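Structure data follow from input.txt (compact mmCIF, C-alpha atoms):
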```txt
# COMPACT_ATOMS: atom_id res chain seq x y z
CA MET A 21 -35.24 -29.61 110.67
CA LYS A 22 -36.09 -25.91 110.79
CA ILE A 23 -37.37 -24.30 113.94
CA ALA A 24 -38.26 -20.74 114.94
CA TYR A 25 -35.72 -19.36 117.37
CA TYR A 26 -36.45 -16.76 120.05
CA PRO A 27 -33.11 -15.40 121.38
CA GLY A 28 -34.14 -12.88 124.05
CA CYS A 29 -32.21 -9.78 125.10
CA THR A 30 -29.29 -11.19 127.05
CA LEU A 31 -28.23 -13.64 124.33
CA LYS A 32 -27.56 -10.61 122.16
CA SER A 33 -25.40 -8.89 124.78
CA THR A 34 -23.55 -10.63 127.64
CA ALA A 35 -24.48 -14.21 126.72
CA LYS A 36 -23.29 -14.19 123.10
CA ASN A 37 -21.23 -17.28 123.89
CA PHE A 38 -24.50 -19.15 124.50
CA GLU A 39 -26.02 -18.08 121.19
CA ILE A 40 -22.92 -18.59 119.03
CA SER A 41 -22.25 -22.08 120.39
CA ALA A 42 -25.92 -23.13 120.33
CA ILE A 43 -26.44 -22.16 116.69
CA ALA A 44 -23.24 -23.99 115.67
CA VAL A 45 -24.10 -27.10 117.67
CA ALA A 46 -27.66 -27.17 116.31
CA LYS A 47 -26.36 -26.83 112.76
CA GLU A 48 -23.99 -29.76 113.31
CA LEU A 49 -27.01 -31.81 114.41
CA GLY A 50 -29.06 -30.76 111.38
CA ILE A 51 -31.26 -28.21 113.14
CA GLU A 52 -31.60 -24.81 111.53
CA PHE A 53 -32.48 -22.01 113.96
CA VAL A 54 -34.57 -19.41 112.13
CA GLU A 55 -34.49 -16.28 114.29
CA LEU A 56 -37.89 -14.60 114.48
CA SER A 57 -38.02 -11.75 111.97
CA ARG A 58 -39.27 -9.49 114.79
CA TRP A 59 -39.23 -10.08 118.53
CA ASN A 60 -39.35 -8.15 121.79
CA CYS A 61 -38.26 -8.73 125.38
CA CYS A 62 -40.38 -11.49 126.97
CA GLY A 63 -40.53 -9.54 130.24
CA THR A 64 -38.05 -11.97 131.89
CA VAL A 65 -40.44 -12.87 134.73
CA TYR A 66 -43.94 -14.33 134.53
CA SER A 67 -46.53 -12.15 136.26
CA MET A 68 -48.27 -14.18 138.93
CA THR A 69 -51.02 -11.84 140.11
CA SER A 70 -54.47 -12.75 138.78
CA ASP A 71 -55.44 -9.24 137.66
CA ASP A 72 -52.18 -8.46 135.85
CA VAL A 73 -52.96 -9.28 132.24
CA MET A 74 -50.88 -6.42 130.82
CA HIS A 75 -47.55 -8.11 131.47
CA HIS A 76 -48.57 -11.19 129.47
CA LEU A 77 -48.72 -9.09 126.30
CA ALA A 78 -44.95 -9.22 125.72
CA PRO A 79 -44.61 -13.02 125.72
CA ILE A 80 -47.85 -13.54 123.77
CA ARG A 81 -46.79 -10.99 121.17
CA ASN A 82 -43.65 -13.07 120.60
CA LEU A 83 -45.78 -16.17 120.11
CA ILE A 84 -47.81 -14.27 117.48
CA ARG A 85 -44.50 -13.55 115.70
CA VAL A 86 -43.83 -17.31 115.63
CA LYS A 87 -47.17 -17.83 113.82
CA GLU A 88 -46.50 -14.88 111.51
CA ASP A 89 -43.23 -16.47 110.42
CA GLY A 90 -45.10 -19.69 109.62
CA PHE A 91 -43.95 -21.87 112.54
CA GLU A 92 -45.82 -23.96 115.11
CA LYS A 93 -42.89 -24.41 117.49
CA VAL A 94 -40.36 -22.03 118.95
CA VAL A 95 -37.08 -22.89 120.64
CA THR A 96 -35.45 -20.82 123.36
CA LEU A 97 -32.03 -21.11 124.99
CA CYS A 98 -32.42 -18.77 127.96
CA SER A 99 -34.21 -20.49 130.85
CA MET A 100 -36.03 -17.31 131.87
CA CYS A 101 -37.39 -16.65 128.37
CA PHE A 102 -38.40 -20.31 128.16
CA ASN A 103 -40.29 -20.12 131.45
CA THR A 104 -42.01 -16.81 130.74
CA LEU A 105 -43.12 -17.75 127.22
CA LYS A 106 -44.28 -21.21 128.26
CA ARG A 107 -46.19 -20.07 131.34
CA ALA A 108 -47.92 -17.24 129.47
CA ASN A 109 -48.85 -19.76 126.79
CA ILE A 110 -50.32 -22.17 129.37
CA LEU A 111 -52.23 -19.31 130.99
CA VAL A 112 -53.99 -18.28 127.78
CA GLN A 113 -54.70 -21.93 126.94
CA ARG A 114 -56.46 -22.30 130.30
CA GLU A 115 -58.15 -18.92 130.60
CA ARG A 116 -60.07 -18.02 127.49
CA GLU A 117 -61.23 -14.71 128.94
CA LYS A 118 -57.66 -13.48 129.39
CA LEU A 119 -56.72 -14.64 125.90
CA ASP A 120 -59.64 -12.65 124.45
CA LYS A 121 -58.64 -9.59 126.44
CA ILE A 122 -55.04 -9.84 125.21
CA ASN A 123 -56.15 -10.31 121.59
CA ASP A 124 -58.55 -7.34 121.90
CA PHE A 125 -55.75 -5.17 123.23
CA MET A 126 -53.44 -6.17 120.37
CA TYR A 127 -56.11 -5.59 117.71
CA LEU A 128 -53.52 -4.16 115.32
CA GLU A 129 -51.79 -7.55 115.08
CA ASN A 130 -52.68 -9.51 111.94
CA ILE A 131 -53.21 -12.73 113.85
CA ASP A 132 -55.43 -13.46 116.85
CA TYR A 133 -53.41 -15.74 119.09
CA ALA A 134 -55.06 -19.09 119.82
CA GLY A 135 -52.60 -20.66 122.28
CA ASP A 136 -51.34 -23.01 119.60
CA VAL A 137 -47.57 -22.44 119.58
CA GLU A 138 -45.37 -25.00 121.31
CA VAL A 139 -42.58 -23.48 123.42
CA LEU A 140 -39.49 -25.68 123.65
CA HIS A 141 -36.09 -25.51 125.25
CA LEU A 142 -33.08 -26.71 123.25
CA LEU A 143 -32.38 -29.43 125.84
CA GLU A 144 -35.81 -30.96 125.08
CA ILE A 145 -35.03 -31.06 121.37
CA LEU A 146 -31.64 -32.67 122.02
CA ARG A 147 -33.25 -35.36 124.17
CA ASP A 148 -36.55 -35.97 122.36
CA ASP A 149 -35.89 -35.18 118.69
CA ILE A 150 -32.16 -35.83 118.23
CA GLY A 151 -31.43 -38.41 120.94
CA TRP A 152 -28.26 -39.18 122.88
CA GLU A 153 -27.08 -41.92 120.50
CA GLU A 154 -27.18 -39.53 117.57
CA ILE A 155 -25.36 -36.89 119.61
CA MET A 156 -22.63 -39.44 120.44
CA THR A 157 -21.96 -39.98 116.73
CA HIS A 158 -21.00 -36.29 116.39
CA VAL A 159 -18.43 -36.37 119.20
CA LYS A 160 -14.94 -36.03 117.73
CA ASN A 161 -13.12 -34.97 120.89
CA PRO A 162 -14.69 -36.92 123.76
CA LEU A 163 -14.49 -35.00 127.03
CA ASN A 164 -13.02 -38.06 128.78
CA GLY A 165 -11.97 -37.43 132.33
CA LEU A 166 -13.92 -34.21 132.69
CA VAL A 167 -16.40 -33.92 135.53
CA PHE A 168 -19.19 -31.34 135.50
CA ALA A 169 -21.72 -30.04 137.99
CA PRO A 170 -25.13 -30.00 136.24
CA TYR A 171 -26.93 -26.79 137.20
CA TYR A 172 -30.58 -26.43 136.16
CA GLY A 173 -31.49 -23.58 138.49
CA CYS A 174 -35.19 -22.87 138.91
CA LEU A 175 -36.88 -22.08 135.69
CA LEU A 176 -36.20 -25.19 133.61
CA VAL A 177 -37.84 -27.39 136.23
CA ARG A 178 -40.31 -25.24 138.17
CA PRO A 179 -43.22 -24.86 138.38
CA PRO A 180 -44.01 -28.50 137.42
CA GLU A 181 -46.34 -27.45 134.57
CA VAL A 182 -43.35 -26.13 132.59
CA ALA A 183 -40.66 -28.57 133.76
CA ILE A 184 -38.54 -30.07 130.97
CA ASP A 185 -37.57 -32.98 133.23
CA ASN A 186 -38.18 -34.51 136.66
CA VAL A 187 -38.89 -31.60 138.99
CA GLU A 188 -36.76 -32.74 141.93
CA MET A 189 -34.23 -35.01 140.18
CA PRO A 190 -33.64 -33.77 136.63
CA TYR A 191 -31.06 -35.73 134.66
CA VAL A 192 -31.14 -34.41 131.08
CA LEU A 193 -27.78 -32.62 131.61
CA ASP A 194 -26.27 -35.78 133.16
CA ARG A 195 -27.24 -37.71 130.02
CA LEU A 196 -25.78 -34.99 127.84
CA PHE A 197 -22.45 -35.06 129.72
CA GLU A 198 -22.31 -38.86 129.35
CA SER A 199 -22.97 -38.59 125.60
CA LEU A 200 -20.01 -36.21 125.34
CA GLY A 201 -17.72 -38.55 127.28
CA ALA A 202 -17.79 -36.54 130.52
CA LYS A 203 -19.29 -37.34 133.92
CA ALA A 204 -21.75 -35.52 136.18
CA ILE A 205 -21.37 -35.11 139.91
CA ASP A 206 -24.39 -35.76 142.12
CA TYR A 207 -24.78 -32.05 142.86
CA PRO A 208 -27.14 -31.13 145.71
CA TYR A 209 -27.46 -27.52 144.46
CA SER A 210 -28.49 -28.67 140.99
CA THR A 211 -31.96 -27.09 141.20
CA GLU A 212 -31.26 -24.51 143.89
CA CYS A 213 -31.89 -20.83 143.17
CA CYS A 214 -28.82 -18.65 142.47
CA GLY A 215 -30.56 -15.66 144.05
CA ALA A 216 -31.70 -14.29 140.68
CA TYR A 217 -32.48 -10.54 140.67
CA ASN A 218 -31.27 -10.21 144.26
CA THR A 219 -27.96 -9.61 142.48
CA VAL A 220 -29.22 -6.04 141.89
CA SER A 221 -31.17 -5.44 145.11
CA ASN A 222 -29.32 -7.54 147.72
CA PRO A 223 -25.98 -8.45 146.13
CA ASP A 224 -24.59 -10.04 149.31
CA ILE A 225 -27.20 -12.78 149.13
CA VAL A 226 -25.92 -13.79 145.70
CA LEU A 227 -22.25 -13.58 146.74
CA ASP A 228 -22.87 -15.89 149.71
CA ARG A 229 -24.84 -18.37 147.62
CA THR A 230 -22.24 -18.38 144.83
CA TYR A 231 -19.50 -18.94 147.42
CA THR A 232 -21.35 -21.94 148.87
CA MET A 233 -22.52 -23.45 145.59
CA VAL A 234 -19.24 -23.11 143.69
CA ASN A 235 -17.22 -24.37 146.66
CA LEU A 236 -19.32 -27.50 146.93
CA ALA A 237 -19.02 -28.21 143.20
CA ARG A 238 -15.25 -27.93 143.56
CA GLN A 239 -15.15 -30.14 146.65
CA GLN A 240 -17.12 -32.77 144.77
CA GLY A 241 -14.45 -32.75 142.08
CA ALA A 242 -16.19 -30.75 139.33
CA ASP A 243 -14.02 -29.09 136.69
CA ALA A 244 -16.83 -26.66 135.81
CA ILE A 245 -20.47 -25.85 136.41
CA ILE A 246 -22.68 -26.28 133.35
CA LEU A 247 -25.90 -24.28 132.99
CA SER A 248 -28.50 -22.80 130.68
CA CYS A 249 -29.52 -19.43 132.14
CA PRO A 250 -27.70 -16.13 131.53
CA LEU A 251 -28.80 -14.76 134.91
CA CYS A 252 -27.50 -17.85 136.75
CA ASP A 253 -24.33 -17.46 134.68
CA PHE A 254 -23.91 -13.84 135.75
CA ASN A 255 -24.42 -14.75 139.41
CA LEU A 256 -22.35 -17.93 139.39
CA GLU A 257 -19.59 -16.91 136.98
CA ALA A 258 -19.18 -13.13 136.60
CA ARG A 259 -19.82 -12.50 140.31
CA GLN A 260 -17.01 -14.87 141.34
CA LYS A 261 -14.67 -11.86 141.13
CA LYS A 262 -16.66 -10.13 143.86
CA VAL A 263 -16.91 -13.39 145.84
CA MET A 264 -13.10 -13.47 145.91
CA GLU A 265 -13.03 -9.94 147.33
CA LYS A 266 -15.48 -10.92 150.06
CA TYR A 267 -14.00 -14.37 150.79
CA PRO A 268 -10.19 -14.45 150.31
CA ASP A 269 -10.15 -18.28 150.56
CA PHE A 270 -12.36 -18.60 147.46
CA HIS A 271 -10.91 -20.00 144.24
CA PRO A 272 -12.68 -19.43 140.93
CA LEU A 273 -14.24 -22.32 138.99
CA PRO A 274 -15.17 -22.13 135.29
CA VAL A 275 -18.87 -21.93 134.39
CA LEU A 276 -20.06 -22.76 130.87
CA TYR A 277 -23.27 -23.06 128.88
CA PHE A 278 -24.11 -26.65 127.92
CA THR A 279 -23.77 -25.73 124.24
CA GLN A 280 -20.16 -24.63 124.73
CA ILE A 281 -19.01 -28.05 125.95
CA MET A 282 -20.95 -29.59 123.05
CA ALA A 283 -19.12 -27.39 120.54
CA VAL A 284 -15.75 -28.47 121.99
CA ALA A 285 -16.72 -32.16 122.02
CA PHE A 286 -18.02 -31.96 118.44
CA GLY A 287 -14.65 -30.52 117.38
CA LEU A 288 -16.30 -27.45 115.87
CA PRO A 289 -14.15 -24.41 114.92
CA GLU A 290 -12.85 -22.47 117.91
CA ASN A 291 -14.77 -19.34 116.98
CA THR A 292 -17.99 -21.19 117.87
CA TYR A 293 -16.96 -21.70 121.51
CA GLY A 294 -17.37 -18.05 122.52
CA PHE A 295 -14.86 -18.42 125.36
CA GLU A 296 -13.95 -14.74 124.98
CA TYR A 297 -17.32 -13.94 126.60
CA ASN A 298 -16.63 -16.14 129.64
CA SER A 299 -15.36 -14.08 132.56
CA ILE A 300 -13.41 -17.13 133.82
CA ASN A 301 -11.34 -18.67 131.05
CA PRO A 302 -12.40 -22.34 130.78
CA GLU A 303 -9.74 -23.45 128.24
CA GLY A 304 -7.56 -25.02 130.93
CA ILE A 305 -10.08 -27.70 131.82
CA PHE A 306 -10.18 -28.99 128.25
CA LYS A 307 -6.38 -29.12 128.13
CA LYS A 308 -6.56 -31.19 131.28
CA ALA A 309 -8.74 -33.67 129.43
CA GLY A 310 -6.16 -33.89 126.69
CA GLU A 311 -8.22 -31.85 124.27
CA ARG A 312 -6.49 -29.88 121.58
CA LEU A 313 -7.73 -26.29 121.50
CA MET B 15 -43.62 -12.22 168.42
CA GLU B 16 -46.63 -11.03 170.41
CA LEU B 17 -49.93 -10.94 168.53
CA LYS B 18 -53.36 -9.79 169.60
CA LEU B 19 -55.97 -11.56 167.55
CA LYS B 20 -59.34 -9.99 166.85
CA PRO B 21 -62.14 -12.00 165.25
CA GLU B 22 -63.12 -9.09 163.01
CA GLU B 23 -59.59 -8.98 161.55
CA ILE B 24 -59.69 -12.59 160.32
CA ARG B 25 -59.94 -12.60 156.52
CA ASN B 26 -60.08 -8.82 156.39
CA ASP B 27 -60.10 -6.95 153.08
CA LEU B 28 -56.32 -6.98 152.75
CA VAL B 29 -56.18 -10.75 153.27
CA LYS B 30 -58.95 -11.15 150.70
CA LYS B 31 -56.90 -9.00 148.32
CA VAL B 32 -53.87 -11.30 148.77
CA GLU B 33 -56.09 -14.36 148.21
CA GLU B 34 -57.60 -12.82 145.10
CA LEU B 35 -54.28 -11.67 143.59
CA ALA B 36 -52.52 -14.97 144.32
CA GLY B 37 -55.51 -17.22 143.61
CA VAL B 38 -55.13 -19.05 146.93
CA ASN B 39 -57.03 -19.89 150.11
CA VAL B 40 -54.73 -19.04 153.01
CA PHE B 41 -56.73 -21.30 155.36
CA ALA B 42 -55.67 -24.35 153.33
CA CYS B 43 -52.28 -24.12 155.07
CA TYR B 44 -51.80 -26.53 158.01
CA GLN B 45 -48.32 -25.29 158.91
CA CYS B 46 -46.27 -28.31 157.89
CA GLY B 47 -43.33 -25.98 157.24
CA LYS B 48 -42.26 -27.63 153.99
CA CYS B 49 -42.11 -24.23 152.25
CA SER B 50 -39.69 -22.84 154.81
CA SER B 51 -37.51 -25.95 154.89
CA GLY B 52 -37.05 -25.89 151.12
CA CYS B 53 -36.69 -22.13 150.68
CA PRO B 54 -33.09 -21.19 149.85
CA SER B 55 -33.67 -17.58 150.95
CA VAL B 56 -34.72 -18.19 154.56
CA PRO B 57 -31.32 -17.24 156.04
CA TYR B 58 -31.98 -13.71 154.81
CA MET B 59 -35.71 -13.48 155.63
CA GLU B 60 -37.02 -11.73 158.74
CA ILE B 61 -39.96 -14.13 158.93
CA LEU B 62 -40.27 -17.52 157.25
CA PRO B 63 -42.71 -18.40 154.45
CA ASN B 64 -44.86 -20.59 156.75
CA GLN B 65 -45.03 -17.68 159.21
CA VAL B 66 -46.30 -15.47 156.38
CA LEU B 67 -49.11 -17.96 155.88
CA ARG B 68 -49.88 -18.07 159.60
CA LEU B 69 -50.02 -14.27 159.82
CA LEU B 70 -52.32 -14.19 156.80
CA GLN B 71 -54.65 -16.61 158.60
CA PHE B 72 -54.63 -14.20 161.56
CA GLY B 73 -55.36 -11.21 159.30
CA LYS B 74 -52.01 -9.56 160.03
CA VAL B 75 -50.99 -8.40 156.56
CA GLU B 76 -49.47 -5.14 157.82
CA ARG B 77 -47.22 -7.16 160.12
CA ILE B 78 -45.91 -9.13 157.12
CA LEU B 79 -45.40 -6.00 155.04
CA ARG B 80 -43.05 -4.59 157.71
CA THR B 81 -40.61 -7.47 157.04
CA ASN B 82 -38.22 -8.04 154.13
CA THR B 83 -39.47 -11.56 153.43
CA HIS B 84 -41.50 -10.91 150.26
CA TRP B 85 -38.69 -8.74 148.83
CA VAL B 86 -35.96 -11.32 149.43
CA CYS B 87 -38.06 -14.08 147.78
CA ALA B 88 -36.54 -14.68 144.34
CA SER B 89 -39.56 -16.56 142.91
CA CYS B 90 -37.68 -19.85 142.61
CA PHE B 91 -40.99 -21.77 143.12
CA VAL B 92 -39.61 -24.46 145.44
CA CYS B 93 -42.31 -23.63 148.05
CA SER B 94 -45.18 -23.73 145.54
CA THR B 95 -43.84 -26.94 143.99
CA ARG B 96 -43.55 -28.79 147.30
CA CYS B 97 -46.65 -27.54 149.15
CA PRO B 98 -48.79 -30.61 149.97
CA LYS B 99 -51.90 -28.39 149.97
CA ASP B 100 -51.06 -26.92 146.56
CA ILE B 101 -50.83 -23.36 147.87
CA ASP B 102 -48.94 -21.13 145.46
CA ILE B 103 -46.74 -19.47 148.08
CA ALA B 104 -44.56 -17.79 145.45
CA ALA B 105 -47.73 -16.11 144.13
CA ILE B 106 -48.56 -14.95 147.67
CA MET B 107 -45.13 -13.30 147.85
CA GLU B 108 -45.84 -11.66 144.49
CA ALA B 109 -49.24 -10.45 145.75
CA LEU B 110 -47.56 -8.92 148.83
CA ARG B 111 -44.99 -7.17 146.63
CA GLN B 112 -47.76 -5.91 144.36
CA ILE B 113 -49.79 -4.54 147.27
CA GLU B 114 -46.77 -2.39 148.20
CA LEU B 115 -45.70 -1.49 144.67
CA ARG B 116 -49.22 -0.40 143.73
CA LYS B 117 -48.86 2.38 146.31
CA ASN B 118 -46.17 3.62 143.92
CA GLN B 119 -43.40 2.82 146.38
CA ASP B 120 -40.28 1.23 144.94
CA TYR B 121 -38.35 -1.34 146.95
CA LEU B 122 -35.34 -1.07 144.66
CA ILE B 123 -34.21 2.56 144.37
CA VAL B 124 -32.74 2.58 140.89
CA ARG B 125 -30.83 5.85 141.20
CA ARG B 126 -28.91 4.42 144.15
CA ILE B 127 -27.39 1.66 142.03
CA ASP B 128 -23.71 2.37 141.43
CA THR B 129 -23.15 3.53 137.83
CA GLU B 130 -20.20 1.20 137.28
CA GLU B 131 -22.22 -1.72 138.69
CA MET B 132 -25.10 -0.78 136.41
CA LYS B 133 -22.86 -1.24 133.35
CA GLU B 134 -21.92 -4.75 134.45
CA PHE B 135 -25.47 -6.06 134.90
CA PRO B 136 -26.85 -8.05 131.98
CA PRO B 137 -30.31 -6.97 130.70
CA ILE B 138 -31.86 -10.09 132.27
CA ALA B 139 -30.79 -8.98 135.78
CA LEU B 140 -31.99 -5.40 135.43
CA VAL B 141 -35.30 -6.12 133.73
CA SER B 142 -36.23 -8.85 136.23
CA ALA B 143 -35.23 -6.69 139.21
CA PHE B 144 -37.22 -3.71 137.88
CA ARG B 145 -40.22 -5.91 137.13
CA LYS B 146 -40.25 -7.45 140.60
CA LEU B 147 -39.08 -4.62 142.80
CA THR B 148 -40.18 -1.31 141.29
CA ALA B 149 -43.63 0.21 140.82
```
Spit out the file's structure as structure tokens when you get a sec.
Amino acid sequence: MKIAYYPGCTLKSTAKNFEISAIAVAKELGIEFVELSRWNCCGTVYSMTSDDVMHHLAPIRNLIRVKEDGFEKVVTLCSMCFNTLKRANILVQREREKLDKINDFMYLENIDYAGDVEVLHLLEILRDDIGWEEIMTHVKNPLNGLVFAPYYGCLLVRPPEVAIDNVEMPYVLDRLFESLGAKAIDYPYSTECCGAYNTVSNPDIVLDRTYTMVNLARQQGADAIILSCPLCDFNLEARQKKVMEKYPDFHPLPVLYFTQIMAVAFGLPENTYGFEYNSINPEGIFKKAGERL
Amino acid sequence: MELKLKPEEIRNDLVKKVEELAGVNVFACYQCGKCSSGCPSVPYMEILPNQVLRLLQFGKVERILRTNTHWVCASCFVCSTRCPKDIDIAAIMEALRQIELRKNQDYLIVRRIDTEEMKEFPPIALVSAFRKLTA
């Protein structure tokens, strides 16, 4: 199956490990990601004020690119891109007047957007189109004995109109871990906010939250936190260095994208893991599980 | 917090502006407090989300704008998702930010960000912070 792929800015810079592993894993499962021939930043956050139509141009323009390239569906990896594209899409489906205004403004585009692109996250495709049983058949190195904290953050499950799973009790990552031979902890911070852009404006908020959230995952026996958002990853993984400076009793815990553990379990070549982009080296946890790296 | 309520201030123009921008009716709130109990940012907020709603009902927008609450909100949507009266509290926070930002006043002063720090931030952190916190 071929599907249009919208990467977003951060997957081309600090989150290359997410992109490299996702493309390899998808290929193994028979999904070809066709990167949009042109794309722009989605804006990262969905504009919530009723009179702000301007900021919906960026996501809608990307959806026009999907149509231009001959696709009806687009897949994203980054949770923020997913949320922004999907919410903007729902907005123009509901409010015809805003859609007309946006199309009028972008009169130089060859296509008038009609709200007819489906925005998907890779986890939805894994669950709904591929299925856990099929995924299990690709596992060459089961992650037996490994325990992960499933971390959805905010934007995969809220607001409910865009949620890929149960809003309060999502379990798609739990199912994925089981398919790979690993286990999920019952993690209370699974859908709790990492502090998001406070990392720039009020960094201490993020350091405190990371300290609390990572510590609990460790206390519950997790070998790593598994997530899908490059901003959550920056706050929960890269910022652990600063957490250690603030809290000397803090010990780092690996954080990985869900596609990275899939690549390891599928026994794909090491250059598809992208561990060199992880600020905390996760190789040790796989050795613990008896994996050969 | 001492408040003097004046009938003519109830649903004043600024409150109407918040209602219009956020697409909400602030009088739908019956102060159950579910927004504040779910909000992960309350330890850092000067007033709680349900207090924001109460002050809006009293017409005290300026009083809210003097606090850090709407700036600390990270738009995680827990409040909006759980509100039994379907009030989009996250959108109210956005409306409050917009009312300030549209005066061309930044909350985040970009030139004060440490240059070395700046290099570490991924695009997703910078773009979202600029979008939410600068005019």
Q: Using all atoms listed in the file, determine which residues of chain B fall within 10 Å of chain A; present them as number ranges by chain.
A: B: 32-37, 52-55, 57-58, 85-96, 102, 104-110, 112, 121-124, 127, 131-132, 134-147
Distance query Gln113 in chain A at most 12 Å, all atoms listed in the file, self and fewer than 3 positions along chain excluded, as a PDB file with C-alpha atoms, keeping the file's coordinate frame:
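New file out-v6.pdb:
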```pdb
ATOM      1  CA  ILE A  80     -47.850 -13.540 123.770  1.00  0.00           C
ATOM      2  CA  LYS A 106     -44.280 -21.210 128.260  1.00  0.00           C
ATOM      3  CA  ARG A 107     -46.190 -20.070 131.340  1.00  0.00           C
ATOM      4  CA  ALA A 108     -47.920 -17.240 129.470  1.00  0.00           C
ATOM      5  CA  ASN A 109     -48.850 -19.760 126.790  1.00  0.00           C
ATOM      6  CA  ILE A 110     -50.320 -22.170 129.370  1.00  0.00           C
ATOM      7  CA  ARG A 116     -60.070 -18.020 127.490  1.00  0.00           C
ATOM      8  CA  GLU A 117     -61.230 -14.710 128.940  1.00  0.00           C
ATOM      9  CA  LYS A 118     -57.660 -13.480 129.390  1.00  0.00           C
ATOM     10  CA  LEU A 119     -56.720 -14.640 125.900  1.00  0.00           C
ATOM     11  CA  ASP A 120     -59.640 -12.650 124.450  1.00  0.00           C
ATOM     12  CA  TYR A 133     -53.410 -15.740 119.090  1.00  0.00           C
ATOM     13  CA  ALA A 134     -55.060 -19.090 119.820  1.00  0.00           C
ATOM     14  CA  GLY A 135     -52.600 -20.660 122.280  1.00  0.00           C
ATOM     15  CA  ASP A 136     -51.340 -23.010 119.600  1.00  0.00           C
ATOM     16  CA  VAL A 137     -47.570 -22.440 119.580  1.00  0.00           C
ATOM     17  CA  GLU A 138     -45.370 -25.000 121.310  1.00  0.00           C
TER      18      GLU A 138
END
```
Q: Take CA of Leu176 in chain A and CA of Val192 in chain A and report the distance between them in Å, one decimal.
A: 10.8 Å
Q: Record the distance separating CA of Tyr207 in chain A and CA of Asn164 in chain A, expressed in Å with one decimal.
A: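 A separation of 19.3 Å between them.
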Q: Go ahead and compute the interatomic distance for CA of Leu140 in chain A and CA of Pro79 in chain A, in Å to one decimal.
A: 13.8 Å
Q: Please identify all polymer residues within 12 Å of Arg80 in chain B, counting only C-alpha atoms, omitting same-chain residues fewer than 3 positions from it, and present them as a PyMOL selection string.
A: chain B and resi 59-61+66+74-77+83-85+110-111+114
